[in-house]
>>> print(open('entry06.cif').read())   # mmCIF, C-alpha atoms
data_final
loop_
_atom_site.label_atom_id
_atom_site.label_comp_id
_atom_site.auth_asym_id
_atom_site.auth_seq_id
_atom_site.Cartn_x
_atom_site.Cartn_y
_atom_site.Cartn_z
CA MET A 1216 -5.98 -63.11 -47.60
CA ALA A 1217 -8.91 -65.25 -48.69
CA ALA A 1218 -10.76 -67.29 -46.13
CA THR A 1219 -9.14 -70.51 -47.32
CA VAL A 1220 -5.60 -70.99 -48.60
CA SER A 1221 -4.98 -74.05 -50.75
CA LEU A 1222 -1.51 -75.54 -51.15
CA SER A 1223 -1.04 -77.27 -54.45
CA PHE A 1224 2.43 -78.56 -53.61
CA SER A 1225 3.81 -80.99 -51.05
CA LEU A 1226 6.09 -79.71 -48.31
CA ASP A 1227 8.78 -82.32 -48.05
CA PRO A 1228 10.83 -81.80 -44.85
CA GLN A 1229 14.12 -83.47 -44.10
CA HIS A 1230 12.64 -86.35 -42.12
CA HIS A 1231 8.87 -86.31 -42.50
CA HIS A 1232 6.03 -84.53 -44.27
CA LEU A 1233 4.08 -81.64 -42.82
CA PHE A 1234 1.50 -81.52 -45.57
CA SER A 1235 0.40 -83.99 -48.18
CA LYS A 1236 -0.81 -83.39 -51.71
CA THR A 1237 -3.36 -80.66 -50.95
CA THR A 1238 -3.93 -79.18 -47.53
CA GLN A 1239 -6.75 -76.80 -46.70
CA PHE A 1240 -6.05 -74.11 -44.11
CA LYS A 1241 -9.18 -72.75 -42.51
CA PRO A 1242 -9.57 -69.81 -40.14
CA HIS A 1243 -9.08 -70.53 -36.47
CA GLN A 1244 -12.41 -71.81 -35.19
CA THR A 1245 -13.77 -73.76 -32.28
CA PRO A 1246 -15.24 -77.15 -33.19
CA LEU A 1247 -18.56 -78.20 -31.73
CA LEU A 1248 -18.75 -81.32 -29.62
CA PRO A 1249 -21.82 -83.55 -29.53
CA PHE A 1250 -21.85 -83.82 -25.73
CA SER A 1251 -22.58 -81.40 -22.91
CA PRO A 1252 -20.04 -80.83 -20.12
CA PRO A 1253 -20.95 -81.86 -16.59
CA THR A 1254 -22.95 -79.43 -14.47
CA SER A 1255 -20.95 -76.76 -12.62
CA THR A 1256 -17.79 -77.57 -14.61
CA LEU A 1257 -18.33 -75.38 -17.64
CA CYS A 1258 -15.03 -73.86 -18.75
CA PRO A 1259 -14.67 -70.79 -20.98
CA LYS A 1260 -13.41 -71.31 -24.49
CA TYR A 1261 -9.93 -69.93 -25.16
CA PRO A 1262 -8.48 -70.05 -28.68
CA LEU A 1263 -4.95 -70.04 -27.26
CA ALA A 1264 -3.34 -71.13 -24.04
CA ILE A 1265 -2.47 -68.60 -21.35
CA PHE A 1266 0.79 -69.11 -19.47
CA HIS A 1267 2.13 -67.77 -16.24
CA LYS A 1268 5.58 -66.23 -16.44
CA SER A 1269 7.44 -68.71 -14.30
CA HIS A 1270 10.28 -71.22 -14.35
CA PRO A 1271 10.36 -73.17 -17.66
CA THR A 1272 9.74 -76.47 -15.91
CA SER A 1273 7.09 -75.30 -13.46
CA PHE A 1274 3.35 -75.39 -13.97
CA LYS A 1275 0.62 -74.10 -11.71
CA THR A 1276 -3.14 -74.08 -11.62
CA SER A 1277 -5.40 -71.42 -10.24
CA SER A 1278 -8.99 -70.40 -10.30
CA SER A 1279 -10.09 -68.34 -13.26
CA PRO A 1280 -10.12 -64.65 -12.32
CA SER A 1281 -13.01 -63.92 -14.65
CA HIS A 1282 -15.18 -66.27 -12.60
CA SER A 1283 -14.26 -65.13 -9.10
CA SER A 1284 -17.54 -64.54 -7.37
CA THR A 1285 -17.80 -61.07 -5.80
CA THR A 1286 -21.11 -59.79 -4.44
CA THR A 1287 -21.64 -56.20 -3.24
CA THR A 1288 -24.85 -55.55 -1.31
CA THR A 1289 -26.22 -53.07 1.23
CA THR A 1290 -28.52 -55.04 3.51
CA THR A 1291 -28.96 -56.00 7.15
CA ALA A 1292 -26.24 -57.80 9.08
CA SER A 1293 -28.01 -61.15 8.75
CA ASP A 1294 -28.43 -60.75 4.98
CA THR A 1295 -24.78 -59.80 4.63
CA THR A 1296 -23.70 -62.90 6.54
CA ALA A 1297 -25.83 -65.13 4.31
CA THR A 1298 -24.45 -63.46 1.21
CA ASP A 1299 -20.85 -63.92 2.39
CA THR A 1300 -21.51 -67.60 3.04
CA ALA A 1301 -22.97 -68.07 -0.43
CA THR A 1302 -20.07 -66.16 -1.96
CA THR A 1303 -17.51 -68.35 -0.17
CA THR A 1304 -19.28 -71.51 -1.33
CA SER A 1305 -19.47 -70.23 -4.92
CA THR A 1306 -15.79 -69.24 -4.92
CA SER A 1307 -14.77 -72.64 -3.55
CA THR A 1308 -16.76 -74.41 -6.28
CA THR A 1309 -15.22 -72.14 -8.92
CA SER A 1310 -11.69 -72.83 -7.67
CA SER A 1311 -12.16 -76.57 -8.06
CA SER A 1312 -14.01 -76.34 -11.37
CA PHE A 1313 -12.13 -73.77 -13.41
CA LEU A 1314 -8.54 -74.98 -13.52
CA GLU A 1315 -6.06 -73.03 -15.56
CA TYR A 1316 -4.58 -75.54 -18.03
CA PRO A 1317 -1.56 -74.07 -19.84
CA LEU A 1318 -2.30 -76.21 -22.92
CA ARG A 1319 -5.74 -74.87 -23.85
CA THR A 1320 -7.52 -76.27 -26.87
CA GLY A 1321 -10.38 -73.81 -27.32
CA ARG A 1322 -13.01 -76.50 -26.81
CA PHE A 1323 -14.65 -78.47 -24.00
CA LEU A 1324 -12.73 -81.54 -22.86
CA SER A 1325 -13.92 -84.74 -21.24
CA SER A 1326 -12.50 -85.90 -17.92
CA GLU A 1327 -10.26 -88.40 -19.73
CA GLU A 1328 -8.97 -85.71 -22.06
CA LEU A 1329 -8.22 -83.43 -19.11
CA GLU A 1330 -6.12 -86.17 -17.54
CA GLN A 1331 -4.26 -86.68 -20.81
CA LEU A 1332 -3.71 -82.94 -21.08
CA LYS A 1333 -2.13 -82.91 -17.62
CA LEU A 1334 0.15 -85.78 -18.70
CA LEU A 1335 1.31 -83.70 -21.66
CA GLU A 1336 1.98 -80.69 -19.44
CA ASN A 1337 4.08 -82.73 -17.02
CA PHE A 1338 6.00 -84.72 -19.64
CA ARG A 1339 9.78 -84.33 -19.48
CA TYR A 1340 12.55 -86.24 -21.24
CA TYR A 1341 16.13 -85.56 -20.23
CA GLN A 1342 19.34 -87.06 -21.58
CA GLU A 1343 23.04 -86.40 -21.15
CA LEU A 1344 24.93 -86.31 -24.45
CA GLU A 1345 28.64 -86.57 -25.11
CA SER A 1346 28.82 -82.88 -26.06
CA GLY A 1347 26.16 -81.51 -23.72
CA SER A 1348 22.68 -82.24 -22.42
CA MET A 1349 19.20 -82.20 -23.92
CA TRP A 1350 15.66 -82.10 -22.60
CA VAL A 1351 12.34 -82.39 -24.40
CA ARG A 1352 8.83 -81.25 -23.50
CA VAL A 1353 5.57 -80.17 -25.15
CA MET A 1354 5.66 -76.86 -27.03
CA ARG A 1355 3.96 -73.92 -25.32
CA PRO A 1356 2.01 -71.24 -27.24
CA GLU A 1357 4.62 -68.54 -26.58
CA GLU A 1358 7.23 -70.84 -28.19
CA MET A 1359 5.30 -71.25 -31.41
CA ASP A 1360 7.19 -68.55 -33.34
CA ILE A 1361 10.64 -70.05 -32.74
CA THR A 1362 9.27 -73.51 -33.59
CA VAL A 1363 7.70 -72.18 -36.79
CA GLY A 1364 11.00 -70.58 -37.75
CA LEU A 1365 12.89 -73.85 -37.30
CA LEU A 1366 10.33 -75.83 -39.32
CA ALA A 1367 10.14 -73.25 -42.11
CA GLU A 1368 13.93 -73.19 -42.49
CA SER A 1369 14.05 -76.99 -42.53
CA PHE A 1370 11.35 -77.23 -45.21
CA ALA A 1371 12.98 -74.56 -47.37
CA GLU A 1372 16.31 -76.39 -47.16
CA SER A 1373 14.69 -79.74 -47.95
CA MET A 1374 12.79 -78.33 -50.94
CA LEU A 1375 15.85 -76.40 -52.19
CA LEU A 1376 13.93 -73.13 -52.02
CA PRO A 1377 15.61 -69.71 -51.73
CA SER A 1378 15.61 -68.02 -48.34
CA GLY A 1379 12.92 -65.60 -49.51
CA TYR A 1380 10.33 -68.38 -49.27
CA VAL A 1381 10.96 -69.00 -45.56
CA SER A 1382 8.49 -66.30 -44.51
CA VAL A 1383 5.78 -67.75 -46.76
CA LEU A 1384 6.38 -71.24 -45.43
CA GLY A 1385 6.38 -69.83 -41.91
CA TYR A 1386 2.88 -68.40 -42.38
CA LEU A 1387 1.55 -71.75 -43.62
CA VAL A 1388 3.30 -73.70 -40.87
CA LYS A 1389 1.88 -71.39 -38.20
CA GLN A 1390 -1.68 -71.89 -39.46
CA TYR A 1391 -1.08 -75.62 -39.43
CA LEU A 1392 0.20 -75.59 -35.84
CA PHE A 1393 -2.83 -73.57 -34.73
CA GLU A 1394 -5.09 -76.28 -36.12
CA ARG A 1395 -3.04 -79.04 -34.53
CA MET A 1396 -3.16 -77.36 -31.11
CA GLU A 1397 -6.96 -77.52 -31.24
CA LEU A 1398 -6.71 -81.32 -31.39
CA SER A 1399 -4.71 -81.62 -28.16
CA PRO A 1400 -4.44 -83.96 -26.24
CA HIS A 1401 -4.79 -86.28 -29.23
CA THR A 1402 -1.68 -84.79 -30.78
CA ALA A 1403 1.31 -82.81 -29.49
CA THR A 1404 4.31 -80.90 -30.80
CA LEU A 1405 7.50 -81.60 -28.85
CA ILE A 1406 10.50 -79.29 -28.75
CA GLY A 1407 14.00 -80.16 -27.63
CA PHE A 1408 16.49 -77.82 -25.96
CA TYR A 1409 20.23 -78.34 -26.04
CA ARG A 1410 22.82 -77.15 -23.52
CA ARG A 1411 26.41 -77.32 -24.64
CA ARG A 1412 28.99 -78.70 -22.22
CA LYS A 1413 32.20 -76.72 -21.80
CA GLU A 1414 35.16 -78.81 -22.92
CA GLU A 1415 38.26 -79.23 -20.79
CA GLY A 1416 41.02 -76.81 -21.66
CA GLU A 1417 38.64 -74.63 -23.67
CA GLU A 1418 39.70 -71.00 -23.35
CA GLN A 1419 37.00 -68.46 -22.64
CA PRO A 1420 37.29 -64.67 -22.68
CA GLU A 1421 37.43 -63.04 -19.26
CA LYS A 1422 33.96 -62.60 -17.76
CA ASN A 1423 32.68 -61.81 -14.34
CA ALA A 1424 30.82 -64.41 -12.28
CA GLU A 1425 27.35 -63.24 -13.37
CA ASP A 1426 28.23 -63.40 -17.07
CA GLU A 1427 29.67 -66.90 -16.69
CA LYS A 1428 26.51 -68.06 -14.93
CA GLU A 1429 24.33 -66.65 -17.73
CA VAL A 1430 26.44 -68.39 -20.40
CA ASP A 1431 26.24 -71.73 -18.56
CA GLU A 1432 22.43 -71.49 -18.37
CA VAL A 1433 21.84 -70.62 -22.03
CA GLU A 1434 19.78 -73.26 -23.81
CA PHE A 1435 19.16 -73.46 -27.53
CA LEU A 1436 16.12 -74.75 -29.37
CA ALA A 1437 17.64 -77.84 -30.97
CA GLY A 1438 14.73 -79.53 -32.72
CA THR A 1439 11.05 -80.34 -32.87
CA VAL A 1440 8.81 -83.29 -33.70
CA GLU A 1441 5.06 -83.87 -33.90
CA VAL A 1442 3.33 -86.87 -32.35
CA CYS A 1443 -0.21 -88.08 -33.06
CA PHE A 1444 -1.67 -90.55 -30.54
CA ASP A 1445 -4.97 -91.75 -32.03
CA LYS A 1446 -7.57 -91.34 -34.74
CA LYS A 1447 -8.91 -88.07 -33.33
CA GLY A 1448 -5.52 -86.44 -33.81
CA ALA A 1449 -4.78 -87.94 -37.23
CA ASN A 1450 -4.14 -85.66 -40.18
CA ALA A 1451 -7.10 -85.52 -42.55
CA SER A 1452 -4.79 -85.91 -45.57
CA PRO A 1453 -1.74 -87.92 -44.50
CA PRO A 1454 1.21 -88.56 -46.85
CA THR A 1455 1.44 -91.74 -48.86
CA PRO A 1456 1.79 -94.60 -48.18
CA THR A 1457 -1.09 -93.95 -45.78
CA PRO A 1458 -0.53 -95.08 -42.17
CA PRO A 1459 -3.40 -96.47 -40.03
CA LYS A 1460 -5.30 -93.54 -38.52
CA ASN A 1461 -5.92 -95.32 -35.22
CA SER A 1462 -2.19 -95.87 -34.59
CA PRO A 1463 0.37 -93.38 -33.19
CA TYR A 1464 2.26 -91.48 -35.86
CA ILE A 1465 5.51 -89.46 -35.66
CA SER A 1466 6.10 -86.67 -38.17
CA ASN A 1467 7.66 -83.29 -38.92
CA MET A 1468 10.98 -83.89 -37.23
CA ALA A 1469 13.42 -81.04 -37.74
CA VAL A 1470 16.84 -80.44 -36.16
CA LYS A 1471 18.69 -77.14 -36.14
CA LYS A 1472 21.42 -77.29 -38.75
CA SER A 1473 24.24 -76.25 -36.39
CA LEU A 1474 23.29 -78.99 -33.88
CA ARG A 1475 23.03 -81.99 -36.21
CA ARG A 1476 25.11 -85.13 -35.71
CA ARG A 1477 24.94 -84.74 -31.94
CA GLY A 1478 22.12 -87.13 -31.12
CA VAL A 1479 19.33 -84.53 -31.13
CA GLY A 1480 17.21 -86.36 -33.71
CA TRP A 1481 17.72 -89.68 -31.95
CA HIS A 1482 16.47 -88.34 -28.63
CA LEU A 1483 13.54 -86.52 -30.23
CA LEU A 1484 12.54 -89.92 -31.58
CA LYS A 1485 13.01 -91.62 -28.19
CA ALA A 1486 11.10 -88.87 -26.39
CA SER A 1487 8.24 -89.34 -28.86
CA GLU A 1488 8.16 -93.08 -28.21
CA GLU A 1489 8.20 -92.57 -24.46
CA LEU A 1490 5.30 -90.11 -24.64
CA ILE A 1491 3.33 -92.47 -26.89
CA SER A 1492 3.80 -95.24 -24.31
CA GLN A 1493 2.14 -92.98 -21.73
CA MET A 1494 -0.63 -91.58 -23.93
CA SER A 1495 -1.71 -94.46 -26.15
CA SER A 1496 -2.64 -98.10 -25.65
CA SER A 1497 -1.50 -98.94 -29.17
CA ARG A 1498 2.05 -100.29 -29.40
CA GLU A 1499 2.54 -99.89 -33.16
CA VAL A 1500 4.14 -96.57 -34.13
CA TYR A 1501 4.39 -95.34 -37.72
CA LEU A 1502 6.48 -92.72 -39.49
CA HIS A 1503 7.55 -91.73 -43.01
CA CYS A 1504 11.07 -91.39 -44.35
CA ARG A 1505 12.06 -90.18 -47.81
CA MET A 1506 14.11 -92.64 -49.81
CA ILE A 1507 16.82 -90.04 -50.43
CA ASP A 1508 17.33 -89.35 -46.71
CA THR A 1509 19.87 -92.04 -45.91
CA ALA A 1510 21.00 -90.67 -42.52
CA PRO A 1511 17.48 -90.53 -41.01
CA PHE A 1512 16.66 -93.90 -42.58
CA ASN A 1513 19.70 -95.51 -40.92
CA MET A 1514 18.70 -93.92 -37.61
CA TYR A 1515 15.17 -95.32 -37.84
CA LYS A 1516 16.48 -98.78 -38.73
CA ARG A 1517 18.84 -98.65 -35.76
CA ALA A 1518 15.90 -97.64 -33.55
CA GLY A 1519 13.95 -100.73 -34.64
CA TYR A 1520 11.70 -99.41 -37.42
CA ASP A 1521 11.02 -101.64 -40.42
CA ILE A 1522 9.69 -100.75 -43.86
CA VAL A 1523 5.99 -101.56 -44.24
CA LYS A 1524 5.37 -100.08 -47.67
CA THR A 1525 7.10 -97.84 -50.22
CA ASP A 1526 5.63 -95.23 -52.54
CA ASN A 1527 4.99 -96.18 -56.12
CA ILE A 1528 7.34 -94.54 -58.59
CA LEU A 1529 4.33 -92.76 -60.11
CA VAL A 1530 4.23 -90.32 -57.17
CA MET A 1531 7.18 -88.57 -58.82
CA LEU A 1532 4.74 -87.37 -61.46
CA LEU A 1533 3.14 -85.32 -58.67
CA LEU A 1534 6.56 -83.74 -57.94
CA GLN A 1535 6.87 -85.69 -54.70
CA ARG A 1536 9.78 -87.68 -53.35
CA ARG A 1537 9.24 -91.39 -52.85
CA LYS A 1538 8.82 -92.33 -49.20
CA HIS A 1539 8.98 -95.40 -46.99
CA LEU A 1540 6.25 -96.06 -44.45
CA MET A 1541 8.02 -97.55 -41.44
CA CYS A 1542 6.65 -99.18 -38.29
CA LYS A 1543 7.93 -100.23 -34.88
CA LYS A 1544 6.18 -102.17 -32.13
CA LEU A 1545 7.00 -100.55 -28.81
CA PRO A 1546 7.77 -102.77 -25.82
CA VAL A 1547 5.47 -102.56 -22.83
CA LEU A 1548 7.74 -100.63 -20.50
CA THR A 1549 7.14 -98.03 -17.83
CA SER A 1550 10.45 -96.34 -18.59
CA PHE A 1551 13.19 -96.57 -21.17
CA SER A 1552 16.59 -97.92 -20.20
CA GLU A 1553 19.79 -96.08 -20.95
CA SER A 1554 20.65 -98.62 -23.63
CA ASP A 1555 17.42 -97.74 -25.44
CA THR A 1556 17.92 -93.99 -25.29
CA PHE A 1557 21.65 -93.46 -25.68
CA CYS A 1558 23.35 -93.18 -29.05
CA SER A 1559 26.93 -92.04 -29.33
CA GLU A 1560 28.11 -89.35 -31.75
CA GLU A 1561 30.41 -91.89 -33.41
CA GLU A 1562 27.37 -94.01 -34.36
CA LEU A 1563 25.53 -90.95 -35.64
CA THR A 1564 28.40 -89.85 -37.86
CA SER A 1565 29.18 -93.30 -39.20
#
>>> encode(input="entry06.cif", output="structure tokens")
Amino acid sequence: MAATVSLSFSLDPQHHHLFSKTTQFKPHQTPLLPFSPPTSTLCPKYPLAIFHKSHPTSFKTSSSPSHSSTTTTTTTASDTTATDTATTTSTSTTSSSFLEYPLRTGRFLSSEELEQLKLLENFRYYQELESGSMWVRVMRPEEMDITVGLLAESFAESMLLPSGYVSVLGYLVKQYLFERMELSPHTATLIGFYRRRKEEGEEQPEKNAEDEKEVDEVEFLAGTVEVCFDKKGANASPPTPTPPKNSPYISNMAVKKSLRRRGVGWHLLKASEELISQMSSSREVYLHCRMIDTAPFNMYKRAGYDIVKTDNILVMLLLQRRKHLMCKKLPVLTSFSESDTFCSEEELTS
């Protein structure tokens, strides 16, 4: 494929827009920063994050193996002792300098950005639902493919495209997510997992104890949403009406079709707001909603979002749906109360 792929159409997802009028996809590259990292804290550049195979909710840091200092010499006993001392000192410095951050960006980060990156890694949002439970965290690189599949299916459904276009949309979405990952911690893609609760009196086929345990622990990818925290993470070509680039922005919300009307979208929204409260000093949060999407619009209104501006009817000449730009001012809270985060299924289906 050519070095640059140009999209001449607008992807119009169910809740928000992934791309605006024309989006340029460029090859994966590492941006140059105008500053130099502190001495003895130079970190190697990784285009993608590297994860340890461990429990989904556990993170760990370790010294970079490629920088472990090992010196082999054949000298006198005194020289060997001096060399071992120097090696121990070098290894200790390396262990404290080269931390393995699961969410790698492929570029050098400032101390403040490293702290924000650690906040993203440790972020968890958990909520009990009437039909099960749900938890939300930041997407990991190995989860990109399933996230891309969910977004591509949502966009194809929203744009009334045949299923054959899902793979094409998936390629474009994946390139987009690669570019967005490079902007972390100024932006993040959240994914939500859903665990269904077994209903009373529900009959299950006979299974042994191990099979029942595996079934109980199965979790499904329920939805995803993208959050931008500041100007550095803002999309270069945002949808219209254009939101302020220095304010947090929520976009690209998608919920798995079989899990809709269960509160998944509501809690993706609440998880996004909670993360914004931790990552940004700005209290005003913006999002877009298409005028034809009445269910998401009612959800946003119920969550406290108000219409700021609406697309001019002339945007339909560009084969785009008219959209509302909505805004909400977040309260200054350290945590969200249950009344803020809970929404019953009856309210969602009304």
>>> residues_around(input="entry06.cif", residues="region 1338-1343 of chain A", least_positions_apart="3", cutoff="9 Å", atoms="only C-alpha atoms", output="ChimeraX atom specification")
/A:1272,1333-1335,1346-1353,1407,1482,1485-1486,1489-1490,1556-1557
>>> residues_near_point(input="entry06.cif", point="(18.4, -74.4, -25.5)", cutoff="10 Å", atoms="only C-alpha atoms", output="VMD selection string")
chain A and resid 1348 to 1350 1406 to 1411 1432 to 1438
>>> residues_near_point(input="entry06.cif", point="(9.4, -73.3, -30.1)", cutoff="9 Å", atoms="only C-alpha atoms", output="count of residues only")
18
>>> atom_distance(input="entry06.cif", atom1="CA of Ser1326 (chain A)", atom2="CA of Leu1545 (chain A)")
26.7 Å
>>> closest_residue(input="entry06.cif", among="A:Arg1537, A:Trp1481, A:Ile1491, A:His1401", to="Ala1518 (chain A)", atoms="only C-alpha atoms")
A:Trp1481
>>> resolve_selection(input="entry06.cif", expression="the PyMOL selection byres ((chain A and resi 1457-1461) around 8)", output="number ranges by chain")
A: 1444-1446, 1449, 1453-1456, 1462-1464, 1501-1502, 1540
>>> resolve_selection(input="entry06.cif", expression="the PyMOL selection byres ((chain A and resi 1332) around 9)", output="PyMOL selection string")
chain A and resi 1316+1318-1319+1327-1331+1333-1337+1399-1401
>>> atom_distance(input="entry06.cif", atom1="CA of Met1468 (chain A)", atom2="CA of Glu1441 (chain A)")
6.8 Å
>>> closest_residue(input="entry06.cif", among="A:Leu1366, A:Val1440, A:Ile1507, A:Leu1529", to="Ser1466 (chain A)", atoms="all atoms listed in the file")
A:Val1440
>>> closest_residue(input="entry06.cif", among="A:Leu1344, A:Ala1367, A:Leu1534, A:Lys1544", to="Val1470 (chain A)", atoms="all atoms listed in the file")
A:Ala1367
>>> atom_distance(input="entry06.cif", atom1="CA of Val1383 (chain A)", atom2="CA of Pro1511 (chain A)")
26.2 Å
>>> resolve_selection(input="entry06.cif", expression="the PyMOL selection byres ((chain A and resi 1372) around 12)", output="number ranges by chain")
A: 1226-1230, 1365-1371, 1373-1381, 1384, 1469-1472
>>> closest_residue(input="entry06.cif", among="A:Leu1398, A:Ile1528, A:Arg1477, A:Leu1392", to="Glu1345 (chain A)", atoms="only C-alpha atoms")
A:Arg1477
>>> build_atoms(input="entry06.cif", residues="region 1348-1372 of chain A", atoms="N, CA and C atoms", output="tab-separated table (two decimals), in the coordinates of the input")
chain	number	residue	atom	x	y	z
A	1348	SER	N	23.88	-81.61	-22.94
A	1348	SER	CA	22.68	-82.24	-22.42
A	1348	SER	C	21.47	-81.74	-23.20
A	1349	MET	N	20.39	-82.53	-23.15
A	1349	MET	CA	19.20	-82.20	-23.92
A	1349	MET	C	17.97	-82.57	-23.12
A	1350	TRP	N	16.94	-81.75	-23.21
A	1350	TRP	CA	15.66	-82.10	-22.60
A	1350	TRP	C	14.52	-81.72	-23.54
A	1351	VAL	N	13.46	-82.51	-23.46
A	1351	VAL	CA	12.34	-82.39	-24.40
A	1351	VAL	C	11.04	-82.26	-23.61
A	1352	ARG	N	10.16	-81.39	-24.08
A	1352	ARG	CA	8.83	-81.25	-23.50
A	1352	ARG	C	7.87	-80.76	-24.58
A	1353	VAL	N	6.60	-80.62	-24.21
A	1353	VAL	CA	5.57	-80.17	-25.15
A	1353	VAL	C	5.72	-78.67	-25.40
A	1354	MET	N	5.56	-78.27	-26.65
A	1354	MET	CA	5.66	-76.86	-27.03
A	1354	MET	C	4.56	-76.05	-26.36
A	1355	ARG	N	4.92	-74.85	-25.89
A	1355	ARG	CA	3.96	-73.92	-25.32
A	1355	ARG	C	3.59	-72.86	-26.37
A	1356	PRO	N	2.44	-72.22	-26.23
A	1356	PRO	CA	2.01	-71.24	-27.24
A	1356	PRO	C	3.01	-70.12	-27.46
A	1357	GLU	N	3.67	-69.63	-26.39
A	1357	GLU	CA	4.62	-68.54	-26.58
A	1357	GLU	C	5.89	-69.00	-27.30
A	1358	GLU	N	6.06	-70.31	-27.47
A	1358	GLU	CA	7.23	-70.84	-28.19
A	1358	GLU	C	6.90	-71.22	-29.62
A	1359	MET	N	5.70	-70.86	-30.07
A	1359	MET	CA	5.30	-71.25	-31.41
A	1359	MET	C	6.16	-70.57	-32.48
A	1360	ASP	N	6.46	-69.28	-32.31
A	1360	ASP	CA	7.19	-68.55	-33.34
A	1360	ASP	C	8.58	-69.14	-33.59
A	1361	ILE	N	9.31	-69.49	-32.53
A	1361	ILE	CA	10.64	-70.05	-32.74
A	1361	ILE	C	10.53	-71.46	-33.35
A	1362	THR	N	9.48	-72.18	-33.00
A	1362	THR	CA	9.27	-73.51	-33.59
A	1362	THR	C	8.91	-73.39	-35.06
A	1363	VAL	N	8.07	-72.43	-35.39
A	1363	VAL	CA	7.70	-72.18	-36.79
A	1363	VAL	C	8.93	-71.82	-37.60
A	1364	GLY	N	9.79	-70.97	-37.04
A	1364	GLY	CA	11.00	-70.58	-37.75
A	1364	GLY	C	11.90	-71.76	-38.06
A	1365	LEU	N	12.05	-72.66	-37.09
A	1365	LEU	CA	12.89	-73.85	-37.30
A	1365	LEU	C	12.29	-74.75	-38.38
A	1366	LEU	N	10.98	-74.98	-38.33
A	1366	LEU	CA	10.33	-75.83	-39.32
A	1366	LEU	C	10.39	-75.21	-40.71
A	1367	ALA	N	10.13	-73.91	-40.81
A	1367	ALA	CA	10.14	-73.25	-42.11
A	1367	ALA	C	11.52	-73.32	-42.75
A	1368	GLU	N	12.57	-73.10	-41.96
A	1368	GLU	CA	13.93	-73.19	-42.49
A	1368	GLU	C	14.25	-74.61	-42.94
A	1369	SER	N	13.79	-75.60	-42.18
A	1369	SER	CA	14.05	-76.99	-42.53
A	1369	SER	C	13.34	-77.37	-43.83
A	1370	PHE	N	12.09	-76.92	-43.99
A	1370	PHE	CA	11.35	-77.23	-45.21
A	1370	PHE	C	11.97	-76.55	-46.43
A	1371	ALA	N	12.37	-75.29	-46.26
A	1371	ALA	CA	12.98	-74.56	-47.37
A	1371	ALA	C	14.28	-75.24	-47.80
A	1372	GLU	N	15.06	-75.69	-46.84
A	1372	GLU	CA	16.31	-76.39	-47.16
A	1372	GLU	C	16.02	-77.71	-47.86
